[in-house]
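In what follows, a single structure is set out as structure tokens and then discussed.
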Amino acid sequence: MTKILLEDLTKIYEGGTVALEDFNLEIESGAFISLLGPSGCGKTTTLKLIAGLLDPTKGRILFDGEDVTYTLPQQRGVGLVFQDYAVFPHMTGYENISYGLKVRKLSKKEIRDRVIEVANLLEIGDILDKKPREMNISELQRVSLARTLVIKPKVLLLDEPLSNLDASLRVRTRIELKKLQRILKQTIIYVTHDQVEALTLSDKVAVMSMGKLQQYDTPKNIFLKPKNKFVAGFIGSPPMNLIPCSVIQKDESLMMDANTFKIDVTELKDVLNDYVNKEVTIGIRPQDITPSLKGGIFKAKVYSVEHIGMENIITAKADDIMIKSIAQKDFIPNLDEELWFKFEINKLYIFDKEGERIWRS
Amino acid sequence: MEKLKLENISKSFGKKIVLDDINLSVFDKEFFCITGRLGAGKTTLLRIIAGLETPSSGNVYLDGEVINYVDPKDRRISMFFENLALYPNKTGFENIAFPLRIKKLPEDEIKKRVYEISELLNIKYLLDRLPRTFSGGEAQRVALARALVRDAKIYLLDEPLSNIDALLRIQARAEFRRLQRYLGKTFIYTTHDPIEALAVGDRVCVMREGKVLQIDKPNLLYDKPKDRYVAAFVGNPPMNFITCVLCQEDGTLYLSHDKFRLDVTKFKEAISDLIDREVDVGIRPEYIEVSKGRIEKGIGTKVLSTEYLGDKLILYLGLNDLIIRAIGNPELTYSMDEEVWIRFSSEKIHILDKKTEKVLV
Amino acid sequence: MKRVSLEKPKIGIHLYVILILVLIIAIFPIYWLTITSFKPKAEWIASPPYWFPNSPTLIDYYVLFFSDPSATAQVGAAFIAFKPATKSFLDSAIVAGLGTALAVFAGMLAAFAVSRHGFGGNTFLVLVLMLRMAPPIVAVIPLIVFYSFIGFTDTYHGLLLVYATFSMPYAVWIIKGLIDEVPRELEESARLDGLTPLQAHFKVTWPLIRGGVLATALFLLILNWSEYLFALMLTRGNVITLPVQMTIYQTYAGVLYGPQAALAILAVIPLVIFGIVIRRFLARGLTFGAVKG
């Protein structure tokens, strides 16, 4: 149960790469938060700073109000689980898990009790005698997690722990992780590039890009109220379509001109008045676009059709713009067929030139 | 037209059987997708087709001729390797040009073809750089370009999307499908992600522990799985299985569970052998109707957990000891232990023989 | 609060002090050798020692190459005619150089066979290494007998083969390790593109392991260049390697430290040159492995 505060954290690597810039984050004690972003966005750097494996160029890290910015990693009480399970191949599961306690010179009995407690929690009681090469991936991963948990860290840091698992195992492990957090009530920081993991697991998600925090909010708000174009285009499966437009005024009506189509947005006059003759970007979720054979807002040629089980994803191309939409599973257009697409104005998101969101219904 | 045929292919390494009596055909210009968990034998199968492994028994036919003993270099098969296998000492250009240089094509022909494929995959800017400066996605595209630049009879792609971020993966799926159509070549593609397989493949083959379980078009695989493994593996969230007893009463057949009864008389022919026995009922989460209020014929369940995905909300519902996955309305909030009612129609269910795990309906 | 991390420079200073100490210890013998080679006889083992030649001279070098009685008299061995050292450089170059080259080449082929084609499994590898487990002296006596039978004693090819044989286990093991580091898919991809397995080894993997192989060659060359036991026992004047030549200066009139030092200095030079020549490959060798899936 530790509250973490990151203040103006900046990390510039030798050679001048700015990995993290003026990063501020407040993590409530006992919260499960995710750092989400594409590779190279600075999320792993943040994790390493919190763990103490790196020194920041600037800024502070506070654990429960106490400055730990330059405290040695082993004195911070953080546990870090890596992407590749760092287990010793020559030790059994038990020896692996108890290793950290042995180093800390705990009594034999206490080591035993704590290993068994963690093993029960992670349901690996029956593989404690096995060597890593006899374990499957999911067991390896649990042993690696158990090794960290057994030390009872105040803060648990997870660096893409699911990325080496295959799809179905990942779904299962995700559910277990969530269950685990409810029992442990530790502060957990989870690094991932997979939005599904971030949205489903965490209380709050910090979306990062190019070393900067883009938005820090609940999963629901991240999806429904993206603060800017980056977040909108990153979240959702498939993510939001973003179409550059210009706002034009014709007599009394306001139009959104995207070259391939125009839409009447007179009803948004109050919002868009300041943007007349300016460039904006409209965003629309694939789920909110309906393709049909005739009638709609714009026409586009089918670029690709993906059957993904309960629905079809249709990618269409109008001039240079690619638009993804979700269709019923029995709607299967031919490639290069021209389709009509429609959506409702109140499903639109509008972003200004800098990418900040200026409107959603 | 049949391009490739595998006939009774088995392969074992020592005592370990990796492939067990595989029979399949791939047609000309088909996008054939193989999916299965880690260790299902997907990669070994590709390696046998490529000639990098010799089958322990069985025959490989290419264009109607047995090629078991044809050297890989003479097979005219191109392969994309999961670890990319880029030559670290060669530039992007030289990596892509490598297969053409081996074929001793004239220099201007090599240039032309490398530029063509680079244009197509948007990697012209990488041609002068060395692989160590590439990001995951860039390296993946260069490796893909090298595999596609050759004029081969079949292109084998081993997990081509496993090295890139989740978001890019979703976008790349549509591109892949388009690419294959555009090139008009035969692709054999493996992935551990069944959704990806459905999205890209003309036909999808599900493998498990060295055996082929089912080969079908994506929609058929999803709607008419042949056995329990395929039913559970393909689809996300996975299918629910509820154990019921099949009862007969006055000429009507119904499934009996202590919480509900479902009339299945219309499936009589398929399931009449199982009367008075336990069967599993499979139902996909999206076909379960969920209601916060009591509904007619609804089954009362308790909310155990929820997963928010933005456009969807996955509900984990407790039905006795069973956890049922269903799709909830993302705009509503479901609190823990809240009672909700679920309902599904017999149109959408699958009935599985509990013993053989075969899907009967 | 701005703070620059202070720990790093502190560790740095400690490290530098230790490094400098180690360096002094390592360099001192070479320094001593160098100054000795420029000292006249009186200063070789004077007590207290001269830390720098008092009256520097090239006489020690001169006697290595010229049978000039007045010069040999100056180093205290007036009546001895030394064989010029020129031949020993040539002989060592032939025997150690070609022996090493043969060991590395054959070792590399064996390493490819083991690493890429699963040849012999672990048994083979251990057997290869066992060749080096017995002390060389064990092999010397049987070799003398065997060589005199087949007429290999005191020949270039005789000694060269011994050097190649005894350094090959190292070559196989080290180069196998290098090959294992290169993902086999690189070669497999090239084979599908139309190369034979052997072509794939040399066109794809060789450029990537070249640095390591040359480093191995340097290591083995150093071993063979300074090998004494076999050279002493298997030659009788037709072939004289540098270590054998070195013993010539231990005369009834005393040990001629000056010429020995001079010879040692000159003997090191070819190795240093080889090291410098392959350095650019070594730097390249270190950068591979940067690309991983």
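All residue names refer to the structure tokens as shown: chains lettered A, B, ... in order, residues numbered from 1 in each chain, ligands numbered from 1 in order.
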DSSP strand (DSSP E) selection over range 60-302 of chain A, as number ranges by chain: A: 60-63, 66-67, 78-81, 155-159, 187-192, 204-209, 212-217, 241-250, 253-257, 262-264, 279-284, 290-292, 298-302
What are the closest atom pairs, with distances in Å to one decimal, for each residue of chain A lying within 9 Å of chain C, using only C-alpha atoms, rows by chain and rising residue number, as a Markdown table?
| residue | atom | partner | partner_atom | distance |
| --- | --- | --- | --- | --- |
| A:Asp55 | CA | C:Ser5 | CA | 7.4 |
| A:Thr57 | CA | C:Val4 | CA | 7.8 |
| A:Lys58 | CA | C:Lys2 | CA | 6.6 |
| A:Gly59 | CA | C:Met1 | CA | 7.5 |
| A:Arg60 | CA | C:Met1 | CA | 8.1 |
| A:Tyr70 | CA | C:Ser5 | CA | 8.1 |
Take the residues from that selection and write them out as a PDB file, in the first residue's frame, keeping N, CA, C and O atoms.
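Saved result, part.pdb, follows:
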ATOM      1  N   ASP A  55      18.779   6.629 -12.962  1.00  0.00           N
ATOM      2  CA  ASP A  55      18.642   7.905 -12.272  1.00  0.00           C
ATOM      3  C   ASP A  55      18.007   8.897 -13.227  1.00  0.00           C
ATOM      4  O   ASP A  55      18.415   8.986 -14.379  1.00  0.00           O
ATOM      5  N   THR A  57      17.197  12.476 -15.037  1.00  0.00           N
ATOM      6  CA  THR A  57      17.982  13.674 -15.313  1.00  0.00           C
ATOM      7  C   THR A  57      17.444  14.815 -14.458  1.00  0.00           C
ATOM      8  O   THR A  57      18.168  15.688 -14.019  1.00  0.00           O
ATOM      9  N   LYS A  58      16.138  14.763 -14.234  1.00  0.00           N
ATOM     10  CA  LYS A  58      15.482  15.834 -13.487  1.00  0.00           C
ATOM     11  C   LYS A  58      14.224  15.247 -12.857  1.00  0.00           C
ATOM     12  O   LYS A  58      13.673  14.270 -13.358  1.00  0.00           O
ATOM     13  N   GLY A  59      13.751  15.854 -11.791  1.00  0.00           N
ATOM     14  CA  GLY A  59      12.476  15.448 -11.221  1.00  0.00           C
ATOM     15  C   GLY A  59      12.617  14.573  -9.985  1.00  0.00           C
ATOM     16  O   GLY A  59      13.727  14.228  -9.575  1.00  0.00           O
ATOM     17  N   ARG A  60      11.468  14.257  -9.374  1.00  0.00           N
ATOM     18  CA  ARG A  60      11.480  13.519  -8.122  1.00  0.00           C
ATOM     19  C   ARG A  60      10.533  12.335  -8.162  1.00  0.00           C
ATOM     20  O   ARG A  60       9.531  12.331  -8.874  1.00  0.00           O
ATOM     21  N   TYR A  70      16.816   8.979  -5.353  1.00  0.00           N
ATOM     22  CA  TYR A  70      18.161   8.410  -5.471  1.00  0.00           C
ATOM     23  C   TYR A  70      18.406   7.263  -4.492  1.00  0.00           C
ATOM     24  O   TYR A  70      19.532   6.908  -4.213  1.00  0.00           O
TER      25      TYR A  70
END
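Every protein, DNA or RNA residue with an atom at most 9 Å from Leu52 in chain B, where only C-alpha atoms count and chain neighbours fewer than 2 positions away do not, is listed here: Thr44, Leu46, Arg47, Ile48, Ile49, Ala50, Thr54, Asp71 and Pro72 of chain B; Glu188, Arg191 and Leu192 of chain C.
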Long-range neighbours of Lys292 in chain B as a PyMOL selection string, 10 Å cut-off, only C-alpha atoms, 4 positions minimum in chain: chain B and resi 300+328+332+334+338-342
Atoms kept (N, CA and C atoms) for selection, written as a PDB file, in the first residue's frame:
ATOM      1  N   GLY B 300     -30.943 -16.742 -13.823  1.00  0.00           N
ATOM      2  CA  GLY B 300     -30.335 -15.794 -12.897  1.00  0.00           C
ATOM      3  C   GLY B 300     -28.868 -16.110 -12.652  1.00  0.00           C
ATOM      4  N   GLY B 328     -21.581  -7.611 -22.277  1.00  0.00           N
ATOM      5  CA  GLY B 328     -22.491  -6.660 -21.658  1.00  0.00           C
ATOM      6  C   GLY B 328     -22.511  -5.345 -22.420  1.00  0.00           C
ATOM      7  N   LEU B 332     -23.343   0.589 -19.521  1.00  0.00           N
ATOM      8  CA  LEU B 332     -23.900   0.342 -18.181  1.00  0.00           C
ATOM      9  C   LEU B 332     -22.796  -0.044 -17.215  1.00  0.00           C
ATOM     10  N   TYR B 334     -21.908  -2.572 -14.203  1.00  0.00           N
ATOM     11  CA  TYR B 334     -22.325  -3.792 -13.516  1.00  0.00           C
ATOM     12  C   TYR B 334     -21.496  -3.874 -12.261  1.00  0.00           C
ATOM     13  N   GLU B 338     -23.842  -8.343  -8.424  1.00  0.00           N
ATOM     14  CA  GLU B 338     -25.163  -7.934  -8.882  1.00  0.00           C
ATOM     15  C   GLU B 338     -25.816  -9.112  -9.610  1.00  0.00           C
ATOM     16  N   GLU B 339     -27.124  -9.207  -9.514  1.00  0.00           N
ATOM     17  CA  GLU B 339     -27.800 -10.309 -10.195  1.00  0.00           C
ATOM     18  C   GLU B 339     -28.239  -9.866 -11.585  1.00  0.00           C
ATOM     19  N   VAL B 340     -27.869 -10.636 -12.603  1.00  0.00           N
ATOM     20  CA  VAL B 340     -28.350 -10.344 -13.953  1.00  0.00           C
ATOM     21  C   VAL B 340     -28.954 -11.615 -14.541  1.00  0.00           C
ATOM     22  N   TRP B 341     -29.816 -11.415 -15.524  1.00  0.00           N
ATOM     23  CA  TRP B 341     -30.473 -12.568 -16.141  1.00  0.00           C
ATOM     24  C   TRP B 341     -29.928 -12.796 -17.536  1.00  0.00           C
ATOM     25  N   ILE B 342     -29.704 -14.047 -17.854  1.00  0.00           N
ATOM     26  CA  ILE B 342     -29.216 -14.334 -19.196  1.00  0.00           C
ATOM     27  C   ILE B 342     -30.181 -15.282 -19.892  1.00  0.00           C
TER      28      ILE B 342
END
All alpha helix (DSSP H) positions in range 246-289 of chain C, as number ranges by chain: C: 246-247, 257-287
Closest pair table for chain A residues within 6 Å of chain B, only C-alpha atoms, as CSV:
residue,atom,partner,partner_atom,distance
A:Ala167,CA,B:Asp193,CA,5.4
A:Asp194,CA,B:Ala166,CA,5.3
A:Leu199,CA,B:Leu309,CA,6.0
A:Thr200,CA,B:Glu307,CA,4.8
A:Phe223,CA,B:Gly310,CA,5.4
A:Ser304,CA,B:Ala174,CA,5.6
A:Glu306,CA,B:Ala199,CA,4.2
A:His307,CA,B:Ala199,CA,4.8
A:Ile308,CA,B:Ala199,CA,5.1
A:Gly309,CA,B:Tyr222,CA,5.7
Could those selected residues go to a file with C-alpha atoms, as a short mmCIF file (atom, residue, chain, number, x, y, z; two decimals), in the first residue's frame?
data_model
loop_
_atom_site.label_atom_id
_atom_site.label_comp_id
_atom_site.auth_asym_id
_atom_site.auth_seq_id
_atom_site.Cartn_x
_atom_site.Cartn_y
_atom_site.Cartn_z
CA ALA A 167 -3.31 -15.48 -27.26
CA ASP A 194 -1.46 -3.87 -25.63
CA LEU A 199 -8.10 -1.43 -20.36
CA THR A 200 -9.18 -4.68 -18.80
CA PHE A 223 -12.09 5.20 -24.54
CA SER A 304 -9.80 -5.56 -47.36
CA GLU A 306 -11.47 -9.55 -42.30
CA HIS A 307 -13.79 -12.12 -40.78
CA ILE A 308 -13.04 -12.14 -37.12
CA GLY A 309 -15.79 -14.35 -35.88
#
